[in-house]
4 protein chains.
Amino acid sequence: MQTVILLFQCADQKGIVAEVSDFIFRHDGNIITADQYSTDPENGHFFLRVEFYIDETLHDKKSLEAGLTPVAGHFNADWKMYYKHERLRMGILVSKPDHCLVDLLYRWRSGELDVDIPFVISNYEGHRNIVKQYNIPFYFIAATKDDRREDETLKHASRDSDFLILARYMLILSGDFLDKYGKDIINIHHSFLPSFKGAAPYRQAFERGVKVIGATAHFVTETLDEGAIISQIVEGVSHKDGVDDLERKGKNMEKQALSHAVYNYIDYRIIKYRNKTIVF
Amino acid sequence: MQTVILLFQCADQKGIVAEVSDFIFRHDGNIITADQYSTDPENGHFFLRVEFYIDETLHDKKSLEAGLTPVAGHFNADWKMYYKHERLRMGILVSKPDHCLVDLLYRWRSGELDVDIPFVISNYEGHRNIVKQYNIPFYFIAATKDDRREDETLKHASRDSDFLILARYMLILSGDFLDKYGKDIINIHHSFLPSFKGAAPYRQAFERGVKVIGATAHFVTETLDEGAIISQIVEGVSHKDGVDDLERKGKNMEKQALSHAVYNYIDYRIIKYRNKTIVF
Amino acid sequence: MQTVILLFQCADQKGIVAEVSDFIFRHDGNIITADQYSTDPENGHFFLRVEFYIDETLHDKKSLEAGLTPVAGHFNADWKMYYKHERLRMGILVSKPDHCLVDLLYRWRSGELDVDIPFVISNYEGHRNIVKQYNIPFYFIAATKDDRREDETLKHASRDSDFLILARYMLILSGDFLDKYGKDIINIHHSFLPSFKGAAPYRQAFERGVKVIGATAHFVTETLDEGAIISQIVEGVSHKDGVDDLERKGKNMEKQALSHAVYNYIDYRIIKYRNKTIVF
Amino acid sequence: MQTVILLFQCADQKGIVAEVSDFIFRHDGNIITADQYSTDPENGHFFLRVEFYIDETLHDKKSLEAGLTPVAGHFNADWKMYYKHERLRMGILVSKPDHCLVDLLYRWRSGELDVDIPFVISNYEGHRNIVKQYNIPFYFIAATKDDRREDETLKHASRDSDFLILARYMLILSGDFLDKYGKDIINIHHSFLPSFKGAAPYRQAFERGVKVIGATAHFVTETLDEGAIISQIVEGVSHKDGVDDLERKGKNMEKQALSHAVYNYIDYRIIKYRNKTIVF
């Protein structure tokens, strides 16, 4: 038995769930979980995520996809079907701060993140040792603000990854890089967006005197810190907390917001729609 | 157009969603939202809540129910269908503390709680004025621990309410009352259950020195504070907080846990299953 | 025995706590609680709040103040001394949304807020009834964006209040009003500042697709939504939450952030320093 | 300049803060931060933590302690003085689950935990590699429920540690061990105590159907899971969360509750008093 995940979206209309679930039933599938959302039942956009068991000796992926095509065509839908046992390849880009990197690697080794990690790329050579301990290829690319050497990064990323994580990567990826890569990139920003975009958010938060700080995992777009938000974690602070304390508390939240985003992404629970996300 | 809510549960098996959604489609219904949960896709129990629009000039409630009967029979399912515009009648029982009462009445008047309130019953006469301001019948029943006068309460409750709220009601309802009433009763307990059952939970919390306190809305069963939990709210405390502070903070949480439970209950989002709840 | 609260601030230097606590000791006072904070032990600014019992038959306020004057002079300090039994007068300004108003009035009547409420001023006549039930003077001032009639408001405020609460007051107070009033004004803003300043913050939050929303109580300054933050409450949301849901959840948070700010303000726990607050 | 931390406790009475701060002033100390708490200003118990700078070329530890002795004698106080640069030695005991171990080691290496780690003791040989990478001595002691081999553990612990962390240590330490060790031991319990003491707390939480779970760091006493609570972290869960999900979410909370407790413990911010803690 295989677990299949179907993501399906189209203009909202009558009968979508009926036809899709009938399709699964006709292939002897058993729905494990189904989530749906409509931006508006009248003329809105409809999103569906169904996870179901199927006997692949009876229905292989090709025949399943062939069977769904007319259903999707009927509703003029976009859709994708994933087999849960096929693991995504997650490339990691990271600058000097290592807390998110270490956290992701630990969760990966402990089995919490069911994903392949084809490489870690950093402009900080010092991460080589820790990455090597996990038997993951490490590439040092001496990128700087003035010479970002995106071609080298792109070469690895395009060939070996299905999506990228910026696990505290301090360089801004160019629109050209984003276009050429063409797949999803998830960033962790160390503030509660949209507050405190850009550099030194903990200092900004300190200066403003907020009583709660946060961290935000979001998709990367060409406009800095404006991509669709996936996950936000927050924590109270007080006047006693200096910038150092905010950073220390923030690291905890960054790890959690980022790993939460990754955990849901690789289970195909996150759908981007315009500048927002649906997280089923 | 009417909004209908269908709750449906049965042994998990193939084709449930397909048949139910096909049933809706055949009656020209449009699914607004659907939630499902299975305790286990293999031999578990399956729960479904579907909210859909329907044109009642074409399909009245009777014909809808008649149409669903064979579908439910096929799966040997329990089900209920509700029309959203038909409001539930929520009776309130309350002793002297009035914070939950006042909160519920305010939310009701402001339109947040779409429900009828047929009566407030109290063993504290002092609530009469506030209840009167809302034009809700108020019954003073001088119940005490030794003479609970449950018959009088039952008379109102049975005739005029679809469910009851114990909004800080200090008397324990007897098993006999529960049997005779036979409908749902929701209680707010002023602790983070299962910690600190019974009397004086804030004092218990203070004595134990916990760093987080809470409030719990739950269904009432014959065993005190053991019914299925609906909603829990928590908040941090410190050594500086005396019993008075815990009570003050707790009142905030009680209001929120209880109103959250009511809000979901009257939207038919809460399903009891054994000693637990599914809150869709 | 009286409870006295001393707020004391000066450039940080050696011996402040020693001299101030010696002063209290020499007047037979017993310190109940003391909080202190320094922006930096080297050349920073020092803040102290001490709450102590004193026998006023031995030392009346005048003699206490006379005794502290040379101590304060020694450190070139700003200070104020308050008697806990002298209640502050809190004026309330409110537009049509009534959830914060009702919440404050309820907490006041229940004894949680130990303060006098000399008046409620509104540009919405409909609040008269609820305010009257509490035997609080209500003034309807038909202010609009184009004719704010600040003189009438100022007349009541200046004469009868020690501070003002904007409990969802939709008009922006002019710099001239702020100057003439000259005392503290606390506003509740329905977002997690500095995100979503200005109008319709819940809509802004919805459009941005944040996963956490909040409410902020802050001091009013001439620059809109830029005053020192006192208290922030946050809560998670998801793609399922429409603007209406954000508003409903937000109301809960507004009540809590505002009442938390008031609770601490009237206990003299809040010190403004530049654009930030110390909340002891 | 040295940073000194003074912990001081005695029956509450007049003049304590005055005398202690005068003592610091007379030694040219500058108070960085001071926290105090009294269980009751009338006949209660008083606790003080003061952190101050001092020029140790003028006043060495011996002379400081000699100077404080008469002050403490006057109030019949218990007290201890610590130099911040003298690091505590934290021994770690851990069974197979490694998430808390890895988290502590990472925080230690990153400089967040300013402590020495003299050893890691485990009844799981598999941790040797990770501990070695940090150049920390690792002792495999094949303890089991039936043969806990506490003598071997005690030998290392008594000689080399100032306190112990049970970072998910599955064996119950005997009263005899606790007596002989005689110093503080901090445990992480994987539930929101006092709920779900003993074994398999996540399963207990699942069975009870709670909507919030937690983790608790507490001091170890002879009675299992009854020691004074230091720190509790909580998180919401729903019917969708199986036991596995509770465990996954719980691991996050365990790491945070434990590291929070350690962080405060090594800064001398935690005072045990009867069965509770004061966390300054």
# chains A, B, ... in the order shown; residues from 1 in each chain; ligands from 1
call {"tool": "interface_residues", "arguments": {"of": "chain A", "to": "chain C", "cutoff": "10 Å", "atoms": "only C-alpha atoms", "output": "NGL selection string"}}
result
:A and (36-40 or 192-196 or 205-212 or 214 or 216 or 226-240 or 242 or 274-280)
call {"tool": "select_by_dssp", "arguments": {"residues": "stretch 36-272 of chain D", "states": "helix (DSSP H, G or I)", "output": "JSON list (two decimals) with C-alpha atoms, in the first residue's frame"}}
result
[["chain", "number", "residue", "atom", "x", "y", "z"],
["D", 61, "LYS", "CA", 36.18, 37.71, 48.30],
["D", 62, "LYS", "CA", 37.44, 36.97, 51.79],
["D", 63, "SER", "CA", 37.16, 40.53, 52.98],
["D", 64, "LEU", "CA", 33.73, 40.92, 51.36],
["D", 65, "GLU", "CA", 32.47, 37.84, 53.12],
["D", 66, "ALA", "CA", 33.96, 38.99, 56.37],
["D", 67, "GLY", "CA", 32.22, 42.32, 55.92],
["D", 68, "LEU", "CA", 28.83, 40.77, 55.25],
["D", 69, "THR", "CA", 28.95, 38.37, 58.18],
["D", 70, "PRO", "CA", 27.84, 40.86, 60.84],
["D", 71, "VAL", "CA", 25.09, 42.24, 58.55],
["D", 72, "ALA", "CA", 23.73, 38.75, 58.01],
["D", 73, "GLY", "CA", 24.10, 38.00, 61.69],
["D", 74, "HIS", "CA", 21.99, 41.00, 62.52],
["D", 75, "PHE", "CA", 19.09, 39.57, 60.50],
["D", 99, "HIS", "CA", 17.27, 15.76, 22.13],
["D", 100, "CYS", "CA", 17.87, 17.50, 25.45],
["D", 101, "LEU", "CA", 21.50, 16.38, 25.52],
["D", 102, "VAL", "CA", 22.20, 17.68, 22.03],
["D", 103, "ASP", "CA", 20.40, 20.91, 22.79],
["D", 104, "LEU", "CA", 22.37, 21.55, 25.99],
["D", 105, "LEU", "CA", 25.68, 20.76, 24.31],
["D", 106, "TYR", "CA", 24.93, 23.06, 21.41],
["D", 107, "ARG", "CA", 23.87, 25.92, 23.66],
["D", 108, "TRP", "CA", 26.98, 25.36, 25.76],
["D", 109, "ARG", "CA", 29.34, 25.48, 22.78],
["D", 125, "GLU", "CA", 26.60, 3.74, 24.78],
["D", 126, "GLY", "CA", 25.44, 5.34, 21.53],
["D", 127, "HIS", "CA", 25.90, 8.87, 22.87],
["D", 128, "ARG", "CA", 29.67, 8.49, 23.08],
["D", 129, "ASN", "CA", 30.38, 9.92, 19.65],
["D", 130, "ILE", "CA", 28.39, 13.06, 19.98],
["D", 131, "VAL", "CA", 29.78, 13.80, 23.44],
["D", 132, "LYS", "CA", 33.34, 13.19, 22.25],
["D", 133, "GLN", "CA", 32.92, 15.82, 19.55],
["D", 150, "GLU", "CA", 24.36, 4.37, 41.52],
["D", 151, "ASP", "CA", 27.74, 4.06, 43.22],
["D", 152, "GLU", "CA", 29.57, 4.54, 39.95],
["D", 153, "THR", "CA", 27.42, 7.50, 39.03],
["D", 154, "LEU", "CA", 27.83, 8.98, 42.47],
["D", 155, "LYS", "CA", 31.61, 8.70, 42.30],
["D", 156, "HIS", "CA", 31.80, 10.98, 39.28],
["D", 157, "ALA", "CA", 28.97, 13.24, 40.38],
["D", 158, "SER", "CA", 30.27, 13.90, 43.88],
["D", 159, "ARG", "CA", 33.80, 14.62, 42.81],
["D", 160, "ASP", "CA", 33.30, 16.57, 39.64],
["D", 175, "GLY", "CA", 16.81, 8.61, 48.25],
["D", 176, "ASP", "CA", 20.16, 7.26, 49.25],
["D", 177, "PHE", "CA", 21.75, 8.72, 46.12],
["D", 178, "LEU", "CA", 20.08, 12.07, 46.71],
["D", 179, "ASP", "CA", 21.30, 12.14, 50.30],
["D", 180, "LYS", "CA", 24.86, 11.26, 49.44],
["D", 181, "TYR", "CA", 25.07, 13.64, 46.51],
["D", 201, "PRO", "CA", 2.97, 11.15, 30.00],
["D", 202, "TYR", "CA", 2.29, 11.85, 26.33],
["D", 203, "ARG", "CA", 0.19, 8.73, 26.14],
["D", 204, "GLN", "CA", -1.63, 9.80, 29.29],
["D", 205, "ALA", "CA", -2.23, 13.21, 27.75],
["D", 206, "PHE", "CA", -3.51, 11.63, 24.56],
["D", 207, "GLU", "CA", -5.88, 9.36, 26.46],
["D", 208, "ARG", "CA", -7.25, 12.26, 28.49],
["D", 243, "VAL", "CA", 0.82, 10.24, 20.50],
["D", 244, "ASP", "CA", 3.68, 10.65, 18.00],
["D", 245, "ASP", "CA", 2.77, 14.27, 17.38],
["D", 246, "LEU", "CA", 2.57, 14.95, 21.09],
["D", 247, "GLU", "CA", 6.03, 13.48, 21.51],
["D", 248, "ARG", "CA", 7.44, 15.53, 18.66],
["D", 249, "LYS", "CA", 5.93, 18.75, 19.96],
["D", 250, "GLY", "CA", 6.90, 17.77, 23.46],
["D", 251, "LYS", "CA", 10.57, 17.40, 22.58],
["D", 252, "ASN", "CA", 10.64, 21.04, 21.56],
["D", 253, "MET", "CA", 9.11, 22.06, 24.86],
["D", 254, "GLU", "CA", 11.39, 19.82, 26.90],
["D", 255, "LYS", "CA", 14.45, 21.44, 25.37],
["D", 256, "GLN", "CA", 13.13, 24.89, 26.11],
["D", 257, "ALA", "CA", 11.93, 24.25, 29.64],
["D", 258, "LEU", "CA", 15.20, 22.54, 30.55],
["D", 259, "SER", "CA", 17.54, 25.08, 28.97],
["D", 260, "HIS", "CA", 15.52, 27.89, 30.51],
["D", 261, "ALA", "CA", 15.95, 26.28, 33.93],
["D", 262, "VAL", "CA", 19.69, 25.76, 33.41],
["D", 263, "TYR", "CA", 20.15, 29.29, 32.12],
["D", 264, "ASN", "CA", 18.60, 30.73, 35.25],
["D", 265, "TYR", "CA", 20.16, 28.24, 37.63]]
